[in-house]
>>> print(open('coords-v8.cif').read())   # mmCIF, C-alpha atoms and all ligand atoms
data_query
loop_
_atom_site.label_atom_id
_atom_site.label_comp_id
_atom_site.auth_asym_id
_atom_site.auth_seq_id
_atom_site.Cartn_x
_atom_site.Cartn_y
_atom_site.Cartn_z
CA MET A 48 -42.88 27.08 45.85
CA ARG A 49 -42.55 27.82 42.19
CA ILE A 50 -43.02 25.33 39.36
CA ALA A 51 -42.12 26.04 35.72
CA ALA A 52 -44.45 24.03 33.48
CA LEU A 53 -43.87 23.20 29.81
CA CYS A 54 -46.78 22.09 27.63
CA GLY A 55 -45.93 19.66 24.85
CA SER A 56 -48.84 20.59 22.59
CA LEU A 57 -49.17 23.83 20.61
CA ARG A 58 -52.62 23.29 19.15
CA SER A 59 -55.63 25.38 20.12
CA GLY A 60 -58.00 23.21 22.09
CA SER A 61 -55.12 21.10 23.42
CA PHE A 62 -56.12 18.68 26.19
CA ASN A 63 -52.65 19.02 27.69
CA GLN A 64 -53.04 22.80 27.81
CA ALA A 65 -56.42 22.30 29.50
CA LEU A 66 -54.67 20.09 32.05
CA LEU A 67 -51.92 22.66 32.60
CA ASP A 68 -54.51 25.44 33.00
CA ALA A 69 -56.17 23.36 35.73
CA VAL A 70 -52.79 22.87 37.43
CA ILE A 71 -52.11 26.64 37.32
CA GLU A 72 -55.55 27.31 38.80
CA ARG A 73 -55.43 24.67 41.53
CA GLY A 74 -51.73 24.81 42.45
CA PRO A 75 -51.95 27.74 44.90
CA ALA A 76 -54.24 25.70 47.19
CA TYR A 77 -51.20 23.49 47.78
CA GLY A 78 -48.62 26.26 47.97
CA LEU A 79 -47.57 25.88 44.33
CA GLU A 80 -47.19 28.87 42.06
CA VAL A 81 -47.22 27.30 38.59
CA VAL A 82 -45.85 29.41 35.75
CA GLN A 83 -46.03 28.29 32.14
CA ALA A 84 -42.64 28.43 30.43
CA GLN A 85 -43.38 29.02 26.74
CA ILE A 86 -41.83 26.90 23.97
CA ARG A 87 -44.09 28.01 21.11
CA ASP A 88 -41.47 30.23 19.45
CA PHE A 89 -38.53 27.82 19.69
CA PRO A 90 -37.02 27.06 16.27
CA LEU A 91 -35.93 23.55 15.40
CA PHE A 92 -32.72 22.84 17.27
CA ASN A 93 -29.65 23.55 15.21
CA GLN A 94 -26.24 23.37 16.78
CA ASP A 95 -25.05 26.16 14.48
CA LEU A 96 -27.29 28.51 16.51
CA GLU A 97 -26.22 27.25 19.90
CA ALA A 98 -23.64 29.96 20.62
CA THR A 99 -26.32 32.66 20.23
CA PRO A 100 -29.59 31.06 21.33
CA PRO A 101 -32.87 32.64 20.18
CA ALA A 102 -34.49 35.10 22.62
CA ALA A 103 -37.42 32.71 23.17
CA VAL A 104 -35.02 30.04 24.45
CA GLU A 105 -33.18 32.46 26.72
CA GLU A 106 -36.44 33.72 28.22
CA THR A 107 -37.69 30.19 28.93
CA LYS A 108 -34.35 29.28 30.48
CA ARG A 109 -34.79 32.22 32.86
CA VAL A 110 -38.29 31.06 33.83
CA VAL A 111 -37.16 27.48 34.48
CA GLN A 112 -34.09 28.58 36.43
CA SER A 113 -36.29 30.65 38.72
CA ALA A 114 -38.34 27.57 39.67
CA ASP A 115 -37.94 24.92 42.35
CA ALA A 116 -38.99 22.24 39.88
CA VAL A 117 -40.00 21.71 36.27
CA LEU A 118 -43.31 20.09 35.30
CA LEU A 119 -43.70 18.49 31.88
CA VAL A 120 -47.29 18.35 30.66
CA SER A 121 -46.76 16.00 27.79
CA PRO A 122 -48.87 14.34 25.12
CA GLU A 123 -47.79 10.94 23.83
CA ALA A 124 -46.73 10.65 20.20
CA ASN A 125 -46.38 7.24 18.59
CA TYR A 126 -45.84 5.60 21.99
CA GLY A 127 -43.06 8.08 22.78
CA VAL A 128 -42.40 11.72 23.58
CA PRO A 129 -43.74 14.48 21.28
CA GLY A 130 -41.15 16.12 19.05
CA VAL A 131 -42.21 19.66 19.96
CA LEU A 132 -41.35 19.18 23.60
CA LYS A 133 -38.25 17.09 22.90
CA ASN A 134 -37.00 19.91 20.68
CA ALA A 135 -37.54 22.38 23.52
CA ILE A 136 -35.76 20.16 26.02
CA ASP A 137 -32.83 19.82 23.63
CA TRP A 138 -32.54 23.63 23.46
CA LEU A 139 -32.81 24.03 27.23
CA SER A 140 -30.22 21.31 27.82
CA ARG A 141 -27.47 23.23 26.04
CA PRO A 142 -24.71 23.80 26.90
CA PRO A 143 -24.44 20.52 28.83
CA HIS A 144 -24.81 20.85 32.60
CA ASN A 145 -26.17 24.40 32.37
CA PRO A 146 -28.42 24.99 35.40
CA THR A 147 -31.76 25.02 33.53
CA LEU A 148 -32.47 21.29 33.74
CA TYR A 149 -29.32 19.86 35.29
CA LYS A 150 -30.15 18.70 38.83
CA ARG A 151 -33.52 20.50 38.72
CA PRO A 152 -36.33 18.35 40.14
CA MET A 153 -38.82 17.21 37.48
CA ALA A 154 -42.36 15.86 37.42
CA VAL A 155 -44.37 14.69 34.42
CA ILE A 156 -48.09 14.39 33.75
CA GLY A 157 -50.09 14.22 30.54
CA ALA A 158 -53.37 13.86 28.68
CA SER A 159 -54.16 11.73 25.66
CA THR A 160 -57.14 10.47 23.75
CA GLY A 161 -55.88 6.92 24.21
CA PHE A 162 -56.55 4.59 27.12
CA LEU A 163 -53.11 4.73 28.75
CA GLY A 164 -53.25 8.52 29.03
CA THR A 165 -49.53 9.13 28.17
CA MET A 166 -48.05 6.54 30.52
CA ARG A 167 -45.62 5.32 27.85
CA ALA A 168 -44.47 8.86 27.11
CA GLN A 169 -44.06 9.54 30.82
CA LEU A 170 -41.79 6.53 31.19
CA ALA A 171 -39.71 7.75 28.24
CA TRP A 172 -39.34 11.19 29.84
CA ARG A 173 -38.28 9.62 33.10
CA GLN A 174 -35.59 7.60 31.35
CA MET A 175 -34.36 10.72 29.53
CA TRP A 176 -34.03 12.61 32.82
CA HIS A 177 -31.31 10.21 33.84
CA PHE A 178 -29.03 12.48 31.82
CA PHE A 179 -29.85 15.54 33.93
CA ASP A 180 -28.89 13.86 37.20
CA ALA A 181 -32.08 15.29 38.71
CA PRO A 182 -34.68 13.87 41.07
CA VAL A 183 -37.90 12.81 39.33
CA PHE A 184 -41.18 12.78 41.28
CA SER A 185 -42.41 9.23 41.85
CA GLY A 186 -44.65 9.66 44.87
CA ALA A 187 -47.77 9.85 42.72
CA GLU A 188 -48.64 9.53 39.04
CA PHE A 189 -51.18 11.40 36.98
CA VAL A 190 -52.51 10.33 33.59
CA MET A 191 -55.55 11.70 31.78
CA PRO A 192 -56.83 9.03 29.35
CA PHE A 193 -59.81 9.52 27.01
CA ALA A 194 -59.23 13.26 27.41
CA ARG A 195 -61.84 14.18 24.81
CA ASN A 196 -64.56 13.25 27.31
CA LEU A 197 -63.13 15.32 30.16
CA VAL A 198 -62.84 18.83 28.70
CA ASP A 199 -65.74 21.15 27.87
CA ALA A 200 -66.35 23.19 24.71
CA ASP A 201 -64.33 26.09 26.14
CA GLY A 202 -61.27 23.88 26.64
CA ARG A 203 -61.64 23.59 30.42
CA LEU A 204 -60.98 20.39 32.32
CA VAL A 205 -64.33 19.87 34.00
CA ASP A 206 -64.47 16.17 34.91
CA GLU A 207 -64.88 16.00 38.68
CA GLY A 208 -63.19 12.62 39.09
CA THR A 209 -60.15 13.79 37.14
CA LEU A 210 -59.97 17.02 39.15
CA THR A 211 -60.10 15.06 42.40
CA ARG A 212 -57.19 12.89 41.21
CA LEU A 213 -55.34 16.02 40.13
CA ASP A 214 -55.76 17.58 43.57
CA ALA A 215 -54.31 14.48 45.23
CA TYR A 216 -51.40 14.58 42.80
CA LEU A 217 -50.71 18.28 43.46
CA GLU A 218 -50.81 17.75 47.21
CA ALA A 219 -48.19 14.98 46.97
CA LEU A 220 -46.14 16.99 44.48
CA ALA A 221 -46.07 20.01 46.80
CA GLN A 222 -44.73 17.91 49.68
CA TRP A 223 -42.03 16.49 47.44
CA VAL A 224 -40.97 19.90 46.09
CA MET A 225 -40.68 21.13 49.66
CA GLN A 226 -38.39 18.22 50.50
CA CYS A 227 -36.33 18.87 47.37
CA ARG A 228 -35.94 22.52 48.37
CA ALA A 229 -34.75 21.54 51.81
CA THR A 230 -32.05 19.25 50.42
CA ARG A 231 -30.90 21.35 47.47
C1 LIG B 301 -48.53 12.24 15.68
C2 LIG B 301 -49.47 11.73 16.74
C3 LIG B 301 -49.16 10.59 17.45
C4 LIG B 301 -50.00 10.13 18.46
N1 LIG B 301 -49.63 9.06 19.21
C5 LIG B 301 -50.35 8.71 20.30
C6 LIG B 301 -49.89 7.69 21.17
O1 LIG B 301 -48.87 7.08 20.97
N2 LIG B 301 -50.63 7.44 22.28
C7 LIG B 301 -51.81 8.10 22.56
O2 LIG B 301 -52.42 7.82 23.58
N3 LIG B 301 -52.27 9.07 21.74
C8 LIG B 301 -51.57 9.39 20.61
N4 LIG B 301 -52.02 10.39 19.78
C9 LIG B 301 -53.31 11.03 20.05
C10 LIG B 301 -53.14 12.14 21.10
O3 LIG B 301 -53.37 11.60 22.37
C11 LIG B 301 -54.15 13.26 20.83
O4 LIG B 301 -53.93 13.81 19.55
C12 LIG B 301 -54.13 14.33 21.89
O5 LIG B 301 -55.23 15.17 21.71
C13 LIG B 301 -52.81 15.13 21.86
O6 LIG B 301 -52.76 16.04 22.93
P1 LIG B 301 -53.28 17.55 22.81
O7 LIG B 301 -54.79 17.49 22.83
O8 LIG B 301 -52.74 18.22 24.04
O9 LIG B 301 -52.76 18.15 21.53
C14 LIG B 301 -51.20 10.83 18.75
C15 LIG B 301 -51.52 11.99 18.01
C16 LIG B 301 -50.66 12.42 17.03
C17 LIG B 301 -51.03 13.69 16.26
#
>>> encode(input="coords-v8.cif", output="structure tokens")
Amino acid sequence: MRIAALCGSLRSGSFNQALLDAVIERGPAYGLEVVQAQIRDFPLFNQDLEATPPAAVEETKRVVQSADAVLLVSPEANYGVPGVLKNAIDWLSRPPHNPTLYKRPMAVIGASTGFLGTMRAQLAWRQMWHFFDAPVFSGAEFVMPFARNLVDADGRLVDEGTLTRLDAYLEALAQWVMQCRATR
């Protein structure tokens, strides 16, 4: 099973990137090939450019369309979704009902330095996905609060308790993606 993952932070030393790296590393144990779909080179969305989307957008669309599901690895910004990732989703959503996100199963996880670990952002993403008429994974949840304490100096997620929770999440996610594939 193939998952296309989008990271909502571009900074070096990102805790969300550390989380995504752990997902990429641990996914195969559960039958999940996790591929990062890059959004770093997306310009700000401008409908004037929509008819001829930038190459970076086209490439990421191809990666997402090749996947059984999309995974958002999202920070929380001001109790909501981060603009960088929202901008990317807006690009990928155009034209409406194109097969990139429309009806594609979605899951969301995230890391933050706060104590709710992106739960508010995750709820906002889930509400947004209503538009894409797609199943959203609800069988398990994964948040990574106080992320600063869980990642080492090399930017690796090293906290054993967090990794154990992540493994349980990935196991449940893999079962769900398999079910989605069977019914698609
Ligand atoms: C503009 C901005 C808004 C933020 N808002 C929140 C927030 O609402 N909730 C929260 O838990 N952390 C918030 N933070 C702190 C982030 O959790 C923290 O910067 C985290 O490291 C971002 O993820 P990253 O390490 O992957 O870049 C905010 C940070 C920034 C820069």
>>> closest_residue(input="coords-v8.cif", among="A:Asn196, A:Leu139, A:Arg151, A:Asn125", to="A:Arg228", atoms="all atoms listed in the file")
A:Arg151
>>> residues_around(input="coords-v8.cif", residues="A:Phe193", least_positions_apart="2", cutoff="6 Å", atoms="only C-alpha atoms", output="PyMOL selection string")
chain A and resi 160-162+195
>>> residues_around(input="coords-v8.cif", residues="A:Arg73", least_positions_apart="3", cutoff="9 Å", atoms="only C-alpha atoms", output="JSON, numbers by chain")
{"A": [68, 69, 70, 76, 77, 79, 213, 214, 217]}
>>> atom_distance(input="coords-v8.cif", atom1="atom CA of A:Gln169", atom2="atom CA of A:Ser121")
7.6 Å
>>> closest_residue(input="coords-v8.cif", among="A:Ala194, A:Leu118, A:Ala103, A:Ile156", to="ligand LIG 301 (chain B)", atoms="only C-alpha atoms and all ligand atoms")
A:Ala194
>>> closest_atom_pairs(input="coords-v8.cif", of="chain A", to="ligand LIG 301 (chain B)", cutoff="10 Å", atoms="all atoms listed in the file", output="tab-separated table")
residue	atom	partner	partner_atom	distance
A:Cys54	CA	B:LIG301	O8	8.0
A:Gly55	CA	B:LIG301	O8	7.0
A:Ser56	CA	B:LIG301	O9	4.7
A:Leu57	CA	B:LIG301	O9	6.8
A:Arg58	CA	B:LIG301	O9	5.7
A:Ser59	CA	B:LIG301	O9	7.9
A:Gly60	CA	B:LIG301	O7	6.6
A:Ser61	CA	B:LIG301	O7	3.7
A:Phe62	CA	B:LIG301	O7	3.8
A:Asn63	CA	B:LIG301	O8	3.7
A:Gln64	CA	B:LIG301	O8	5.9
A:Ala65	CA	B:LIG301	O8	7.7
A:Leu66	CA	B:LIG301	O8	8.4
A:Leu67	CA	B:LIG301	O8	9.7
A:Val120	CA	B:LIG301	O8	8.6
A:Ser121	CA	B:LIG301	O8	7.4
A:Pro122	CA	B:LIG301	O6	4.8
A:Glu123	CA	B:LIG301	C6	4.7
A:Ala124	CA	B:LIG301	N1	3.5
A:Asn125	CA	B:LIG301	O1	3.4
A:Tyr126	CA	B:LIG301	O1	3.5
A:Gly127	CA	B:LIG301	O1	6.2
A:Val128	CA	B:LIG301	O1	8.4
A:Pro129	CA	B:LIG301	C3	7.7
A:Gly130	CA	B:LIG301	C1	9.0
A:Gly157	CA	B:LIG301	O8	8.1
A:Ala158	CA	B:LIG301	O6	6.2
A:Ser159	CA	B:LIG301	O3	3.4
A:Thr160	CA	B:LIG301	O3	4.2
A:Gly161	CA	B:LIG301	O2	3.6
A:Phe162	CA	B:LIG301	O2	6.3
A:Leu163	CA	B:LIG301	O2	6.1
A:Gly164	CA	B:LIG301	O2	5.6
A:Thr165	CA	B:LIG301	O2	5.6
A:Met166	CA	B:LIG301	O2	8.3
A:Arg167	CA	B:LIG301	N2	7.8
A:Ala168	CA	B:LIG301	O1	7.8
A:Met191	CA	B:LIG301	O2	9.6
A:Pro192	CA	B:LIG301	O2	7.4
A:Phe193	CA	B:LIG301	O3	8.2
A:Ala194	CA	B:LIG301	O5	7.2
A:Arg195	CA	B:LIG301	O5	7.4
A:Gly202	CA	B:LIG301	O7	9.9
>>> atom_distance(input="coords-v8.cif", atom1="atom CA of A:Ala154", atom2="atom CA of A:Ile50")
9.7 Å
>>> residues_around(input="coords-v8.cif", residues="A:Ala51", least_positions_apart="3", cutoff="9 Å", atoms="only C-alpha atoms", output="ChimeraX atom specification")
/A:80-84,110-119
>>> residues_around(input="coords-v8.cif", residues="A:Ala221", least_positions_apart="3", cutoff="9 Å", atoms="all atoms listed in the file", output="list in words")
Met48, Gly74, Tyr77, Gly78, Leu79, Tyr216, Leu217, Glu218, Val224, Met225 and Gln226 of chain A
>>> residues_around(input="coords-v8.cif", residues="A:Met175", least_positions_apart="3", cutoff="12 Å", atoms="all atoms listed in the file", output="ChimeraX atom specification")
/A:127-128,133,136-137,140,148-149,153,155,168-172,178-183
>>> decode(input="coords-v8.cif", residues="stretch 72-211 of chain A", atoms="C-alpha atoms", output="tab-separated table (two decimals), in the first residue's frame")
chain	number	residue	atom	x	y	z
A	72	GLU	CA	11.07	4.50	8.22
A	73	ARG	CA	8.50	2.49	10.18
A	74	GLY	CA	5.72	2.22	7.57
A	75	PRO	CA	7.10	-0.82	5.71
A	76	ALA	CA	6.75	-2.96	8.86
A	77	TYR	CA	3.00	-2.50	8.40
A	78	GLY	CA	2.93	-2.86	4.63
A	79	LEU	CA	2.95	0.91	4.02
A	80	GLU	CA	5.27	2.48	1.49
A	81	VAL	CA	5.24	6.15	2.50
A	82	VAL	CA	6.44	8.65	-0.09
A	83	GLN	CA	6.85	12.34	0.69
A	84	ALA	CA	5.03	14.54	-1.81
A	85	GLN	CA	6.97	17.81	-1.89
A	86	ILE	CA	5.27	21.21	-1.53
A	87	ARG	CA	8.38	23.31	-0.91
A	88	ASP	CA	8.44	24.87	-4.39
A	89	PHE	CA	4.74	25.69	-4.65
A	90	PRO	CA	4.13	29.40	-5.29
A	91	LEU	CA	1.32	31.21	-3.53
A	92	PHE	CA	-1.93	30.14	-5.13
A	93	ASN	CA	-3.06	32.49	-7.84
A	94	GLN	CA	-6.02	31.62	-9.98
A	95	ASP	CA	-4.40	33.42	-12.93
A	96	LEU	CA	-1.86	30.55	-13.01
A	97	GLU	CA	-4.38	27.77	-12.69
A	98	ALA	CA	-4.63	26.92	-16.39
A	99	THR	CA	-0.88	26.23	-16.53
A	100	PRO	CA	0.08	24.96	-13.07
A	101	PRO	CA	3.75	25.13	-12.02
A	102	ALA	CA	5.80	21.97	-12.58
A	103	ALA	CA	6.16	21.46	-8.81
A	104	VAL	CA	2.38	21.25	-8.47
A	105	GLU	CA	2.02	18.85	-11.40
A	106	GLU	CA	4.71	16.56	-10.00
A	107	THR	CA	3.10	16.45	-6.55
A	108	LYS	CA	-0.28	15.75	-8.12
A	109	ARG	CA	1.28	12.74	-9.85
A	110	VAL	CA	2.72	11.45	-6.56
A	111	VAL	CA	-0.59	11.82	-4.71
A	112	GLN	CA	-2.59	10.25	-7.53
A	113	SER	CA	-0.32	7.20	-7.43
A	114	ALA	CA	-1.15	6.61	-3.74
A	115	ASP	CA	-3.91	4.71	-1.98
A	116	ALA	CA	-4.22	7.49	0.59
A	117	VAL	CA	-2.84	10.88	1.50
A	118	LEU	CA	-1.29	11.60	4.91
A	119	LEU	CA	-1.10	15.17	6.19
A	120	VAL	CA	1.68	15.75	8.71
A	121	SER	CA	0.58	19.11	9.93
A	122	PRO	CA	1.73	21.67	12.46
A	123	GLU	CA	-0.88	23.85	14.13
A	124	ALA	CA	-0.80	27.59	13.45
A	125	ASN	CA	-2.82	29.95	15.62
A	126	TYR	CA	-5.22	27.15	16.59
A	127	GLY	CA	-5.79	26.33	12.92
A	128	VAL	CA	-4.11	24.86	9.85
A	129	PRO	CA	-0.72	26.21	8.67
A	130	GLY	CA	-0.86	28.44	5.61
A	131	VAL	CA	1.95	26.60	3.81
A	132	LEU	CA	0.01	23.37	3.72
A	133	LYS	CA	-3.34	25.05	3.08
A	134	ASN	CA	-1.78	26.77	0.08
A	135	ALA	CA	-0.58	23.40	-1.23
A	136	ILE	CA	-3.97	21.81	-0.73
A	137	ASP	CA	-5.60	24.69	-2.59
A	138	TRP	CA	-3.28	24.05	-5.56
A	139	LEU	CA	-3.88	20.30	-5.50
A	140	SER	CA	-7.64	20.80	-5.29
A	141	ARG	CA	-7.83	22.56	-8.65
A	142	PRO	CA	-9.65	22.08	-10.92
A	143	PRO	CA	-12.52	21.01	-8.63
A	144	HIS	CA	-13.10	17.26	-8.46
A	145	ASN	CA	-9.76	16.45	-10.11
A	146	PRO	CA	-8.64	13.03	-8.86
A	147	THR	CA	-5.74	14.22	-6.67
A	148	LEU	CA	-7.72	14.73	-3.47
A	149	TYR	CA	-11.31	14.11	-4.53
A	150	LYS	CA	-12.47	10.83	-2.96
A	151	ARG	CA	-8.89	9.95	-1.96
A	152	PRO	CA	-8.70	8.57	1.59
A	153	MET	CA	-6.95	10.93	4.01
A	154	ALA	CA	-5.31	10.67	7.42
A	155	VAL	CA	-3.82	13.46	9.52
A	156	ILE	CA	-1.20	13.52	12.26
A	157	GLY	CA	1.00	16.29	13.62
A	158	ALA	CA	3.60	17.57	16.05
A	159	SER	CA	3.62	20.81	18.01
A	160	THR	CA	5.44	22.40	20.89
A	161	GLY	CA	2.10	22.97	22.62
A	162	PHE	CA	0.25	20.58	24.90
A	163	LEU	CA	-2.55	19.59	22.50
A	164	GLY	CA	-0.06	18.45	19.87
A	165	THR	CA	-2.04	19.79	16.83
A	166	MET	CA	-5.43	18.37	17.79
A	167	ARG	CA	-7.20	21.63	16.89
A	168	ALA	CA	-5.50	21.75	13.50
A	169	GLN	CA	-6.38	18.12	12.89
A	170	LEU	CA	-10.05	18.83	13.53
A	171	ALA	CA	-9.90	21.75	11.09
A	172	TRP	CA	-8.36	19.52	8.40
A	173	ARG	CA	-11.04	16.92	8.96
A	174	GLN	CA	-13.76	19.52	8.51
A	175	MET	CA	-12.09	20.78	5.31
A	176	TRP	CA	-12.01	17.27	3.86
A	177	HIS	CA	-15.79	17.30	3.78
A	178	PHE	CA	-15.35	19.13	0.48
A	179	PHE	CA	-13.37	16.28	-1.09
A	180	ASP	CA	-16.05	13.69	-0.39
A	181	ALA	CA	-13.30	11.37	0.83
A	182	PRO	CA	-13.05	8.96	3.75
A	183	VAL	CA	-10.97	10.30	6.65
A	184	PHE	CA	-9.23	7.87	9.01
A	185	SER	CA	-10.83	7.89	12.45
A	186	GLY	CA	-9.82	4.51	13.81
A	187	ALA	CA	-6.89	5.99	15.72
A	188	GLU	CA	-5.45	9.43	16.40
A	189	PHE	CA	-1.86	10.55	16.69
A	190	VAL	CA	-0.67	13.81	18.23
A	191	MET	CA	2.87	14.71	19.25
A	192	PRO	CA	2.71	17.40	21.96
A	193	PHE	CA	5.79	19.02	23.56
A	194	ALA	CA	7.70	17.90	20.46
A	195	ARG	CA	10.87	19.74	21.47
A	196	ASN	CA	11.48	17.07	24.12
A	197	LEU	CA	11.03	14.12	21.76
A	198	VAL	CA	13.51	14.80	18.95
A	199	ASP	CA	17.30	14.56	19.22
A	200	ALA	CA	19.94	17.04	18.02
A	201	ASP	CA	20.00	15.37	14.59
A	202	GLY	CA	16.28	15.92	14.12
A	203	ARG	CA	15.28	12.30	14.75
A	204	LEU	CA	12.20	11.30	16.70
A	205	VAL	CA	13.76	9.22	19.45
A	206	ASP	CA	11.20	9.15	22.27
A	207	GLU	CA	10.32	5.49	22.84
A	208	GLY	CA	6.81	6.15	24.15
A	209	THR	CA	5.97	8.29	21.12
A	210	LEU	CA	7.39	5.68	18.74
A	211	THR	CA	5.29	2.98	20.39
